[in-house]
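Next up, my_file.cif (mmCIF, C-alpha atoms and all ligand atoms):
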data_model
loop_
_atom_site.label_atom_id
_atom_site.label_comp_id
_atom_site.auth_asym_id
_atom_site.auth_seq_id
_atom_site.Cartn_x
_atom_site.Cartn_y
_atom_site.Cartn_z
CA MET A 1 0.00 0.00 0.00
CA VAL A 2 1.31 3.44 -0.86
CA LEU A 3 0.53 6.05 1.78
CA SER A 4 -0.11 9.66 0.87
CA GLY A 5 2.42 12.19 2.24
CA ASP A 6 0.32 13.18 5.25
CA ALA A 7 -0.63 9.60 6.11
CA ALA A 8 3.00 8.48 5.84
CA GLN A 9 4.08 11.25 8.18
CA ALA A 10 1.34 10.34 10.66
CA ARG A 11 2.37 6.66 10.55
CA SER A 12 6.06 7.46 11.10
CA ARG A 13 5.14 9.73 14.05
CA THR A 14 3.17 6.86 15.64
CA ASP A 15 5.98 4.37 15.02
CA THR A 16 8.58 6.55 16.72
CA ALA A 17 6.38 7.97 19.49
CA LEU A 18 7.79 7.60 23.00
CA PRO A 19 5.85 5.25 25.30
CA LEU A 20 3.15 7.03 27.23
CA CYS A 21 4.14 7.68 30.81
CA ALA A 22 1.63 6.59 33.44
CA THR A 23 3.34 8.31 36.38
CA ASP A 24 1.97 11.27 38.32
CA PRO A 25 2.07 14.21 35.85
CA LEU A 26 3.63 16.40 38.56
CA THR A 27 6.67 14.10 38.88
CA ARG A 28 8.56 15.99 36.19
CA VAL A 29 7.64 19.29 37.81
CA ARG A 30 9.00 18.10 41.16
CA GLU A 31 12.17 16.84 39.50
CA ALA A 32 12.69 20.23 37.89
CA LEU A 33 12.24 21.91 41.28
CA ASP A 34 14.72 19.48 42.86
CA ALA A 35 17.25 20.35 40.15
CA GLN A 36 16.84 24.08 40.88
CA GLU A 37 17.42 23.39 44.57
CA ARG A 38 20.47 21.18 43.90
CA ASP A 39 22.10 23.91 41.79
CA GLY A 40 21.49 26.59 44.42
CA LEU A 41 19.10 28.30 42.00
CA HIS A 42 15.81 27.85 43.82
CA ARG A 43 13.72 31.03 43.99
CA TRP A 44 10.89 31.98 46.31
CA LEU A 45 8.63 34.92 46.95
CA ARG A 46 9.03 37.08 50.02
CA PRO A 47 5.93 39.25 50.29
CA ARG A 48 6.99 42.49 51.95
CA SER A 49 4.84 44.65 54.15
CA ALA A 50 4.00 48.23 53.27
CA VAL A 51 6.43 49.57 55.83
CA GLU A 52 9.57 47.51 56.39
CA PRO A 53 12.25 48.18 58.99
CA VAL A 54 15.03 47.55 56.46
CA ILE A 55 17.26 49.74 54.32
CA ASP A 56 16.29 49.21 50.71
CA LEU A 57 19.27 48.55 48.44
CA ALA A 58 17.39 45.99 46.37
CA SER A 59 14.62 47.83 44.56
CA ASN A 60 14.91 49.82 41.35
CA ASP A 61 13.34 52.87 42.96
CA TYR A 62 16.55 54.79 42.24
CA LEU A 63 15.18 58.25 42.89
CA GLY A 64 12.94 57.28 45.80
CA LEU A 65 9.85 58.40 43.88
CA THR A 66 7.53 55.43 44.16
CA ARG A 67 6.16 56.60 47.57
CA ASP A 68 6.47 60.32 46.81
CA PRO A 69 3.01 61.86 47.42
CA ARG A 70 3.25 63.74 44.11
CA ILE A 71 3.47 60.38 42.34
CA THR A 72 0.94 58.45 44.41
CA GLU A 73 -1.60 61.29 44.24
CA ALA A 74 -1.19 61.48 40.46
CA ALA A 75 -1.75 57.71 40.24
CA ALA A 76 -4.90 57.98 42.37
CA ALA A 77 -6.22 60.93 40.37
CA ALA A 78 -5.63 59.10 37.08
CA ALA A 79 -7.44 56.01 38.38
CA ARG A 80 -10.37 58.15 39.53
CA GLN A 81 -10.62 59.89 36.17
CA TRP A 82 -9.90 57.01 33.79
CA GLY A 83 -10.64 53.86 35.82
CA GLY A 84 -8.75 51.04 37.46
CA GLY A 85 -7.71 49.60 34.10
CA SER A 86 -7.43 50.87 30.56
CA THR A 87 -10.32 48.59 29.42
CA GLY A 88 -8.74 47.13 26.29
CA SER A 89 -5.89 46.92 23.82
CA ARG A 90 -4.35 50.26 22.91
CA LEU A 91 -5.81 49.72 19.42
CA VAL A 92 -9.37 49.27 20.66
CA THR A 93 -10.35 51.18 23.83
CA GLY A 94 -7.06 51.21 25.76
CA SER A 95 -5.65 54.51 24.43
CA THR A 96 -6.61 57.58 26.45
CA ALA A 97 -5.64 61.23 26.26
CA LEU A 98 -3.46 60.46 29.32
CA HIS A 99 -1.45 57.88 27.34
CA ALA A 100 -1.01 60.37 24.52
CA GLU A 101 0.19 63.07 26.92
CA LEU A 102 2.65 60.70 28.58
CA GLU A 103 4.03 59.70 25.17
CA THR A 104 4.56 63.31 24.13
CA VAL A 105 6.24 64.30 27.42
CA LEU A 106 8.42 61.18 27.52
CA ALA A 107 9.65 61.54 23.93
CA PHE A 108 10.44 65.21 24.53
CA PHE A 109 12.28 64.42 27.79
CA VAL A 110 14.69 61.91 26.22
CA GLY A 111 14.98 63.89 22.99
CA GLY A 112 13.31 61.31 20.77
CA ALA A 113 10.78 61.93 18.02
CA ASN A 114 7.76 59.81 18.98
CA ALA A 115 6.89 57.34 21.72
CA THR A 116 4.38 54.61 22.38
CA VAL A 117 3.80 53.16 25.84
CA PHE A 118 3.41 49.51 26.74
CA SER A 119 2.20 47.82 29.92
CA SER A 120 5.78 46.87 30.86
CA GLY A 121 9.39 47.42 29.83
CA TYR A 122 9.64 43.70 29.09
CA LEU A 123 6.84 44.00 26.55
CA ALA A 124 8.35 47.18 25.09
CA ASN A 125 11.55 45.29 24.25
CA ILE A 126 9.55 42.42 22.77
CA GLY A 127 7.54 44.96 20.77
CA ALA A 128 10.50 46.95 19.44
CA LEU A 129 12.52 43.97 18.28
CA THR A 130 9.65 41.97 16.85
CA ALA A 131 8.58 45.08 14.92
CA VAL A 132 11.95 45.79 13.32
CA GLY A 133 13.28 42.21 13.27
CA GLY A 134 12.47 39.30 10.99
CA ALA A 135 14.11 36.58 8.94
CA ASP A 136 15.86 39.16 6.72
CA VAL A 137 17.27 41.13 9.68
CA THR A 138 20.28 39.88 11.66
CA ILE A 139 20.11 40.97 15.29
CA VAL A 140 23.52 41.56 16.89
CA SER A 141 23.10 41.41 20.66
CA ASP A 142 25.43 41.93 23.68
CA ALA A 143 26.01 38.72 25.67
CA ASN A 144 24.92 40.43 28.89
CA ASN A 145 21.70 41.94 27.58
CA HIS A 146 18.59 41.67 29.74
CA ALA A 147 16.39 38.57 29.46
CA SER A 148 13.64 40.62 27.81
CA ILE A 149 16.01 41.41 24.93
CA ILE A 150 17.08 37.78 24.64
CA ASP A 151 13.44 36.69 24.50
CA ALA A 152 12.64 39.47 22.04
CA CYS A 153 15.45 38.34 19.71
CA ARG A 154 14.01 34.82 19.71
CA LEU A 155 10.47 36.03 19.06
CA ALA A 156 11.67 38.25 16.21
CA ARG A 157 12.62 35.09 14.27
CA SER A 158 15.81 36.80 13.18
CA PRO A 159 19.23 35.26 12.81
CA ILE A 160 20.99 36.26 16.05
CA ILE A 161 24.68 36.95 16.63
CA VAL A 162 25.61 37.33 20.30
CA TYR A 163 28.81 39.34 20.82
CA PRO A 164 31.06 39.33 23.91
CA HIS A 165 30.08 41.99 26.44
CA ARG A 166 30.81 45.54 25.16
CA ASP A 167 33.12 44.21 22.40
CA VAL A 168 32.89 46.76 19.60
CA GLN A 169 35.27 44.87 17.31
CA ALA A 170 33.06 41.80 17.55
CA VAL A 171 30.07 43.93 16.53
CA ASP A 172 32.02 45.16 13.51
CA ALA A 173 32.85 41.57 12.53
CA ALA A 174 29.24 40.45 13.06
CA LEU A 175 27.82 43.22 10.90
CA ALA A 176 30.40 42.59 8.18
CA SER A 177 29.76 38.84 8.08
CA ARG A 178 25.96 38.86 8.30
CA ARG A 179 24.01 36.98 5.64
CA THR A 180 20.91 39.14 5.64
CA PRO A 181 20.28 42.47 3.88
CA HIS A 182 19.35 44.23 7.13
CA ALA A 183 20.69 44.33 10.68
CA VAL A 184 19.91 45.63 14.15
CA VAL A 185 22.40 46.10 16.98
CA VAL A 186 20.80 45.87 20.41
CA THR A 187 22.25 46.69 23.81
CA ASP A 188 21.31 47.65 27.34
CA ALA A 189 22.54 51.21 27.93
CA VAL A 190 23.42 50.37 31.53
CA PHE A 191 23.59 46.64 32.11
CA SER A 192 21.09 45.37 34.65
CA ALA A 193 23.48 43.18 36.65
CA ASP A 194 26.92 44.59 35.78
CA GLY A 195 25.88 48.23 36.10
CA ASP A 196 28.38 49.32 33.42
CA LEU A 197 27.74 51.44 30.35
CA ALA A 198 27.53 50.27 26.73
CA PRO A 199 29.87 52.00 24.26
CA LEU A 200 26.93 53.76 22.61
CA ALA A 201 28.85 56.21 20.39
CA GLU A 202 31.00 53.43 18.91
CA LEU A 203 28.01 51.13 18.44
CA HIS A 204 26.10 53.89 16.69
CA ALA A 205 29.03 54.68 14.39
CA LEU A 206 29.19 51.01 13.39
CA ALA A 207 25.43 50.73 12.98
CA ARG A 208 25.47 53.74 10.69
CA GLN A 209 28.44 52.44 8.70
CA TYR A 210 26.59 49.18 7.99
CA GLY A 211 23.11 50.71 7.58
CA ALA A 212 21.81 49.02 10.72
CA LEU A 213 19.42 50.23 13.41
CA LEU A 214 20.68 50.63 16.98
CA VAL A 215 18.22 49.63 19.73
CA VAL A 216 19.18 50.87 23.21
CA ASP A 217 17.39 49.72 26.36
CA GLU A 218 17.40 52.66 28.77
CA ALA A 219 15.78 50.76 31.66
CA HIS A 220 18.58 51.61 34.09
CA SER A 221 19.74 54.90 32.59
CA LEU A 222 16.48 56.87 32.32
CA GLY A 223 16.30 59.18 35.32
CA VAL A 224 19.90 58.53 36.39
CA VAL A 225 22.35 59.05 33.49
CA GLY A 226 23.08 62.44 31.95
CA THR A 227 21.74 65.91 32.62
CA SER A 228 18.53 65.62 34.67
CA GLY A 229 18.57 61.88 33.98
CA ARG A 230 17.59 62.24 30.33
CA GLY A 231 19.32 58.94 29.69
CA ALA A 232 22.42 57.48 28.10
CA VAL A 233 21.38 58.07 24.49
CA HIS A 234 20.89 61.76 25.25
CA ALA A 235 24.21 61.89 27.12
CA ALA A 236 25.97 60.31 24.13
CA GLY A 237 24.55 62.98 21.82
CA LEU A 238 22.44 60.44 19.93
CA ALA A 239 18.96 61.62 20.93
CA GLY A 240 16.66 62.01 17.96
CA GLU A 241 18.93 60.16 15.52
CA PRO A 242 16.53 58.41 13.13
CA ASP A 243 18.45 55.13 13.26
CA VAL A 244 18.34 54.90 17.08
CA ILE A 245 15.44 53.23 18.90
CA GLN A 246 15.17 53.62 22.67
CA THR A 247 13.21 51.36 24.95
CA VAL A 248 12.52 52.36 28.54
CA THR A 249 10.76 51.10 31.60
CA LEU A 250 8.54 53.34 33.72
CA SER A 251 9.03 51.00 36.67
CA LYS A 252 12.48 51.94 37.92
CA SER A 253 13.56 55.56 38.40
CA LEU A 254 10.07 56.83 37.51
CA GLY A 255 8.59 54.88 40.41
CA ALA A 256 5.60 53.76 38.33
CA GLN A 257 5.05 50.76 36.05
CA GLY A 258 5.05 50.21 32.30
CA GLY A 259 7.42 50.66 29.36
CA ALA A 260 7.83 52.54 26.12
CA VAL A 261 9.49 52.57 22.72
CA ILE A 262 10.83 55.95 21.60
CA ALA A 263 11.88 56.28 17.98
CA ALA A 264 11.37 57.84 14.57
CA PRO A 265 7.67 58.20 13.61
CA GLU A 266 7.79 55.35 11.07
CA VAL A 267 9.30 52.97 13.64
CA ILE A 268 6.54 53.83 16.10
CA GLU A 269 3.91 53.32 13.40
CA LEU A 270 5.36 49.92 12.52
CA THR A 271 5.46 48.99 16.22
CA ILE A 272 1.79 49.89 16.65
CA ASN A 273 0.93 47.85 13.55
CA LYS A 274 3.16 44.84 14.09
CA ALA A 275 4.19 44.36 17.71
CA ARG A 276 2.02 41.59 19.16
CA SER A 277 2.98 42.60 22.72
CA PHE A 278 1.34 45.94 21.94
CA ILE A 279 -1.62 44.78 19.88
CA PHE A 280 -2.68 41.82 22.02
CA ASP A 281 -2.12 43.34 25.45
CA THR A 282 -4.38 45.58 27.52
CA GLY A 283 -3.04 49.13 27.49
CA LEU A 284 -0.99 50.56 30.35
CA ALA A 285 -3.15 51.12 33.47
CA PRO A 286 -4.15 54.79 33.86
CA ALA A 287 -2.72 54.92 37.42
CA ALA A 288 0.69 53.88 36.09
CA ALA A 289 0.50 56.38 33.23
CA GLY A 290 -0.46 59.17 35.65
CA ALA A 291 2.33 58.22 38.05
CA ALA A 292 4.96 58.14 35.28
CA LEU A 293 3.82 61.50 33.94
CA ALA A 294 4.09 63.05 37.41
CA ALA A 295 7.53 61.47 37.93
CA LEU A 296 8.81 63.02 34.71
CA GLY A 297 7.65 66.40 36.04
CA VAL A 298 9.51 65.84 39.32
CA ILE A 299 12.72 64.73 37.59
CA LYS A 300 12.66 67.78 35.32
CA ALA A 301 12.05 70.12 38.27
CA GLU A 302 14.71 68.47 40.45
CA PRO A 303 17.71 67.75 38.23
CA HIS A 304 19.92 67.06 41.28
CA LEU A 305 18.16 63.70 41.87
CA ALA A 306 20.01 61.93 39.06
CA ALA A 307 23.40 63.19 40.25
CA ALA A 308 22.57 62.20 43.84
CA ALA A 309 21.79 58.61 42.80
CA ARG A 310 25.07 58.42 40.87
CA THR A 311 27.06 59.72 43.88
CA VAL A 312 25.50 57.10 46.18
CA ALA A 313 26.33 54.42 43.57
CA GLU A 314 29.97 55.52 43.52
CA ARG A 315 30.15 55.32 47.34
CA LEU A 316 28.58 51.85 47.28
CA ALA A 317 31.10 50.68 44.66
CA GLN A 318 33.98 51.85 46.86
CA LEU A 319 32.41 50.01 49.76
CA VAL A 320 32.13 46.79 47.75
CA ARG A 321 35.78 47.10 46.68
CA SER A 322 36.79 47.49 50.33
CA THR A 323 35.18 44.10 51.10
CA GLY A 324 37.46 42.46 48.53
CA ALA A 325 34.56 41.58 46.22
CA GLU A 326 34.86 42.43 42.53
CA THR A 327 32.61 45.14 41.15
CA THR A 328 32.38 47.38 38.08
CA GLN A 329 32.55 51.12 37.53
CA PRO A 330 28.89 52.08 38.06
CA ALA A 331 27.42 54.12 35.22
CA ALA A 332 24.11 54.64 36.99
CA ALA A 333 22.60 53.15 40.17
CA VAL A 334 23.42 49.43 39.83
CA VAL A 335 26.40 48.17 41.87
CA PRO A 336 27.20 44.43 41.78
CA ALA A 337 29.34 42.57 44.32
CA PHE A 338 30.44 39.44 42.46
CA LEU A 339 30.69 36.39 44.72
CA GLY A 340 30.72 33.59 42.12
CA ASP A 341 28.93 30.71 43.82
CA PRO A 342 25.14 31.18 43.98
CA ARG A 343 25.03 29.66 47.48
CA VAL A 344 27.50 32.23 48.78
CA ALA A 345 25.45 35.01 47.19
CA VAL A 346 22.21 33.71 48.74
CA ALA A 347 23.84 33.35 52.16
CA ALA A 348 25.33 36.86 52.01
CA ALA A 349 22.00 38.38 50.94
CA GLN A 350 20.22 36.63 53.81
CA LEU A 351 22.83 37.80 56.34
CA CYS A 352 22.37 41.37 55.09
CA LEU A 353 18.60 41.08 55.39
CA ASP A 354 18.86 39.64 58.91
CA ALA A 355 20.88 42.73 59.79
CA GLY A 356 18.33 45.10 58.28
CA VAL A 357 19.75 45.69 54.80
CA HIS A 358 17.81 44.40 51.79
CA VAL A 359 20.10 43.74 48.80
CA GLY A 360 19.36 41.95 45.55
CA CYS A 361 20.83 38.54 44.79
CA PHE A 362 21.37 37.63 41.14
CA ARG A 363 22.03 34.06 40.06
CA PRO A 364 21.83 32.26 36.69
CA PRO A 365 19.97 32.76 34.43
CA SER A 366 19.98 36.44 35.44
CA VAL A 367 23.80 36.34 35.25
CA PRO A 368 26.22 33.87 33.61
CA ARG A 369 27.35 30.83 35.64
CA GLY A 370 30.11 31.71 38.10
CA ARG A 371 28.98 35.35 38.22
CA SER A 372 26.39 35.19 40.99
CA CYS A 373 26.39 38.46 42.85
CA LEU A 374 24.77 40.71 45.35
CA ARG A 375 23.12 43.53 43.46
CA LEU A 376 23.08 46.78 45.35
CA THR A 377 21.05 49.64 43.99
CA ALA A 378 21.70 53.23 44.89
CA ARG A 379 18.87 55.47 46.01
CA ALA A 380 19.18 59.24 45.68
CA ASN A 381 17.78 59.71 49.19
CA LEU A 382 20.00 57.22 51.07
CA THR A 383 21.14 59.01 54.24
CA ASP A 384 24.66 59.01 55.69
CA SER A 385 23.59 57.05 58.74
CA GLU A 386 21.91 54.43 56.50
CA PHE A 387 25.10 54.24 54.45
CA ASN A 388 27.24 53.72 57.56
CA HIS A 389 24.99 50.88 58.71
CA VAL A 390 25.21 49.29 55.23
CA ALA A 391 29.00 49.53 55.37
CA THR A 392 29.20 47.51 58.61
CA VAL A 393 26.61 44.95 57.56
CA LEU A 394 27.88 44.30 54.03
CA SER A 395 31.52 43.66 54.94
CA GLU A 396 30.58 41.21 57.66
CA ALA A 397 27.95 39.43 55.57
CA ILE A 398 30.33 38.86 52.65
CA LEU A 399 33.07 37.59 54.95
CA ARG A 400 30.77 35.22 56.80
CA ALA A 401 29.07 33.94 53.64
CA LYS A 402 32.44 33.09 52.09
CA GLY A 403 33.30 31.17 55.26
CA LEU A 404 30.10 29.15 54.88
CA SER A 405 30.98 28.25 51.30
CA PRO A 406 31.94 24.63 50.68
CA ALA A 407 34.66 25.98 48.34
C1 LIG B 1 17.50 46.16 31.18
C2 LIG B 1 16.06 45.88 31.45
N1 LIG B 1 15.19 45.95 30.44
C3 LIG B 1 13.88 45.72 30.62
C4 LIG B 1 13.38 45.38 31.85
C5 LIG B 1 11.92 45.08 32.00
O1 LIG B 1 11.24 46.17 32.50
P1 LIG B 1 9.85 45.95 33.27
O2 LIG B 1 10.19 45.53 34.65
O3 LIG B 1 9.19 47.28 33.20
O4 LIG B 1 9.09 44.91 32.55
C6 LIG B 1 14.23 45.31 32.94
C7 LIG B 1 13.69 44.97 34.27
O5 LIG B 1 14.29 44.47 35.15
C8 LIG B 1 15.61 45.55 32.74
O6 LIG B 1 16.48 45.46 33.75
#

Show me, as structure tokens, the structure contained in the file I just sent.
Amino acid sequence: MVLSGDAAQARSRTDTALPLCATDPLTRVREALDAQERDGLHRWLRPRSAVEPVIDLASNDYLGLTRDPRITEAAAAAARQWGGGSTGSRLVTGSTALHAELETVLAFFVGGANATVFSSGYLANIGALTAVGGADVTIVSDANNHASIIDACRLARSPIIVYPHRDVQAVDAALASRRTPHAVVVTDAVFSADGDLAPLAELHALARQYGALLVVDEAHSLGVVGTSGRGAVHAAGLAGEPDVIQTVTLSKSLGAQGGAVIAAPEVIELTINKARSFIFDTGLAPAAAGAALAALGVIKAEPHLAAAARTVAERLAQLVRSTGAETTQPAAAVVPAFLGDPRVAVAAAQLCLDAGVHVGCFRPPSVPRGRSCLRLTARANLTDSEFNHVATVLSEAILRAKGLSPA
């Protein structure tokens, strides 16, 4: 008997199918959890209370705005006027005059042409790269880029070339050797775990030489880097360049929630038309839009906030160096203390917390293997007495955690 193509394929699938497993369907789930635990990578939630007796060096509230009454009142007013949610996709009922105002103010603040807001920074990265990517566009991406960029590259269905962290020569080679007519270079401006700055001017020069777009994620630079915190693209003199696309989050220095893509008008139009994370997602909640808009007003009126956050970051980096842990030169508010083994990092973070200092703890896949770290984040309003307490606690915690290490 001769089988038709489809029938033959179905038959061969049945012939090679794995035997059905009659065990508890949660067995595999439990095994996966056990593996996480074994590797020191288990994660858990720690619901915090509204008021905590700890010094916060873990959040991304770099300017201390999330509890600022000007921000919370704006959020409440926006919710009262527009509702608890935005009621639909931005393309149906989820676009309000408030969203439009936020987009105008945000684009103007960072010096870009147009902006469109998303319900998170994660979705903004997915939206930007899926809009401009595709099978005919090679994406050249820094090895230490944020997970949202990595996921966006995959969803864009583009050929991807990952280059060693901040290696401009490797970007040159990647662009020269690409097999597609188009290309995009994508980088964090300030890297979310390393805290260092991407070589934006060099990357832009290369992108322009090869006719590529440069996508810059300003999640950690907006509000902290450059004059009044206008961001790293602005500080590098690249604001408004038509071949530069900025993505931002509203959830860090702006003390709100949400994200945005800021770019040339045609890029924004394509994003609105093509980005599934924009089209098939409920629009940014009005409270978040109102809070972000108010935060932009505060940052503009108080340009010293950005500089204050950077000064605290510099002091924290010196402190980390004094403990013997490796760190980087902080470009914004993120200061890592590299400890290597994830168990040592977890133990050190817990010792800090027990002593009243909340620090972040980054382990794979947030960082490469062997690069587990404490992640300290500067806050513009950290007081001297808080800093002194942190200094005592951090040194002791790192020392004790290393002593607990099996290595
Ligand atoms: C570099 C970077 N990009 C994007 C995001 C995602 O932003 P959001 O938390 O608003 O989704 C983050 C958040 O941690 C980040 O660090």

Within 7 Å of ligand LIG 1 (chain B), counting only C-alpha atoms and all ligand atoms, residues as an mmCIF file with C-alpha atoms, in the coordinates of the input:
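Final file, part_38.cif:
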data_model
loop_
_atom_site.group_PDB
_atom_site.id
_atom_site.type_symbol
_atom_site.label_atom_id
_atom_site.label_comp_id
_atom_site.auth_asym_id
_atom_site.auth_seq_id
_atom_site.Cartn_x
_atom_site.Cartn_y
_atom_site.Cartn_z
ATOM 1 C CA SER A 120 5.780 46.870 30.860
ATOM 2 C CA GLY A 121 9.390 47.420 29.830
ATOM 3 C CA TYR A 122 9.640 43.700 29.090
ATOM 4 C CA LEU A 123 6.840 44.000 26.550
ATOM 5 C CA ASN A 125 11.550 45.290 24.250
ATOM 6 C CA ASN A 145 21.700 41.940 27.580
ATOM 7 C CA HIS A 146 18.590 41.670 29.740
ATOM 8 C CA SER A 148 13.640 40.620 27.810
ATOM 9 C CA ASP A 188 21.310 47.650 27.340
ATOM 10 C CA PHE A 191 23.590 46.640 32.110
ATOM 11 C CA SER A 192 21.090 45.370 34.650
ATOM 12 C CA ASP A 217 17.390 49.720 26.360
ATOM 13 C CA GLU A 218 17.400 52.660 28.770
ATOM 14 C CA ALA A 219 15.780 50.760 31.660
ATOM 15 C CA HIS A 220 18.580 51.610 34.090
ATOM 16 C CA THR A 249 10.760 51.100 31.600
ATOM 17 C CA LEU A 250 8.540 53.340 33.720
ATOM 18 C CA SER A 251 9.030 51.000 36.670
ATOM 19 C CA GLN A 257 5.050 50.760 36.050
ATOM 20 C CA GLY A 258 5.050 50.210 32.300
ATOM 21 C CA GLY A 259 7.420 50.660 29.360
#

Selection near Pro365 in chain A, 12 Å with all atoms listed in the file, sequence-local residues under 2 positions removed, as a list in words
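Listed by chain and then number, they are Gln36, Asp39, Gly40, Leu41, His42, Arg43, Asn144, Asn145, His146, Ala147, Ile150, Ala193, Pro342, Cys361, Phe362, Arg363, Val367, Pro368, Arg369, Gly370, Arg371 and Ser372 of chain A.
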
Report the closest atom pair, with its distance in Å rounded to one decimal, for each residue of range 236-330 of chain A that has an atom no farther than 6 Å from range 378-397 of chain A; count only C-alpha atoms, sort by chain and then rising residue number, and write it as a tab-separated table.
residue	atom	partner	partner_atom	distance
A:Leu305	CA	A:Ala380	CA	6.0
A:Ala308	CA	A:Ala380	CA	4.9
A:Ala309	CA	A:Ala380	CA	3.9
A:Val312	CA	A:Ala378	CA	5.6
A:Ala313	CA	A:Ala378	CA	5.0
A:Thr323	CA	A:Ser395	CA	5.3

Generate the output file for the selected residues, C-alpha atoms, as a tab-separated table (two decimals), in the coordinates of the input.
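Generated file (out_39.tsv):
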chain	number	residue	atom	x	y	z
A	305	LEU	CA	18.16	63.70	41.87
A	308	ALA	CA	22.57	62.20	43.84
A	309	ALA	CA	21.79	58.61	42.80
A	312	VAL	CA	25.50	57.10	46.18
A	313	ALA	CA	26.33	54.42	43.57
A	323	THR	CA	35.18	44.10	51.10

*Which residue gives the smallest distance to Thr328 in chain A among A:Val190, A:Ala291, A:Leu26, A:Ile268, with all atoms listed in the file counted?*
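Result for the nearest residue to Thr328 in chain A: A:Val190.
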
| task | Write out as number ranges by chain the residues lying within 8 Å of range 82-85 of chain A, counting all atoms listed in the file and excluding same-chain residues fewer than 2 positions away. | result | A: 78-80, 87, 284-287

What's around Arg276 in chain A at 9 Å? Count all atoms listed in the file, leave out sequence neighbours fewer than 5 positions away in its own chain, and write the answer as a list in words.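 Once the nearby chain positions are removed, what remains is Ile126, Gly127, Thr130, Ala131, Thr271 and Asp281 of chain A.
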
Fill in: Gap from CA of Ala77 in chain A to CA of Ser119 in chain A - Å, one decimal
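CA of Ala77 in chain A sits 18.8 Å away from CA of Ser119 in chain A.
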
Check the smallest atom-to-atom distance from each of A:Gly64, A:Gly111, A:Pro159, A:Pro164 to Thr227 in chain A using all atoms listed in the file, then report the winner.
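Going through A:Gly64, A:Gly111, A:Pro159, A:Pro164 one by one, the smallest distance to Thr227 in chain A is for A:Gly111.
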
Using the file's own x, y and z axes, what box holds all listed atoms of range 220-237 of chain A with 8 Å on each side, keeping edges along x, y and z, and what are its centre and edge lengths in Å to one decimal, as JSON?
{"center_x": 21.1, "center_y": 58.8, "center_z": 29.1, "size_x": 25.7, "size_y": 30.3, "size_z": 30.6}

Just how far from CA of Phe338 in chain A is CA of Arg375 in chain A, in Å to one decimal?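 Distance reported for this atom pair: 8.4 Å.
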
* Give me the residues within 10 Å of Asp167 in chain A as a VMD selection string, counting all atoms listed in the file and dropping any in the same chain fewer than 6 places off. => chain A and resid 142 to 143 198 to 199 203

List as a ChimeraX atom specification the residues having at least one atom at most 8 Å from position (16.6, 63.2, 34.6) as given in the file, counting only C-alpha atoms. /A:222-231,296,299-300,303,305-306

note - CA of Ser89 in chain A and CA of Arg70 in chain A are separated by 27.9 Å

The residue from A:Ala239, A:Ala174, A:Val215, A:Ala183 with the smallest atom-to-atom distance to Phe109 in chain A, counting only C-alpha atoms, is A:Ala239

Point to revise | Neighbour list for Ala264 in chain A as a ChimeraX atom specification, cut-off 7 Å, only C-alpha atoms, skip fewer than 5 positions in-chain | key: /A:113-114,242

For Leu63 in chain A, the closest of A:Gly255, A:Gly324, A:Gly340, A:Gly356 counting all atoms listed in the file is A:Gly255
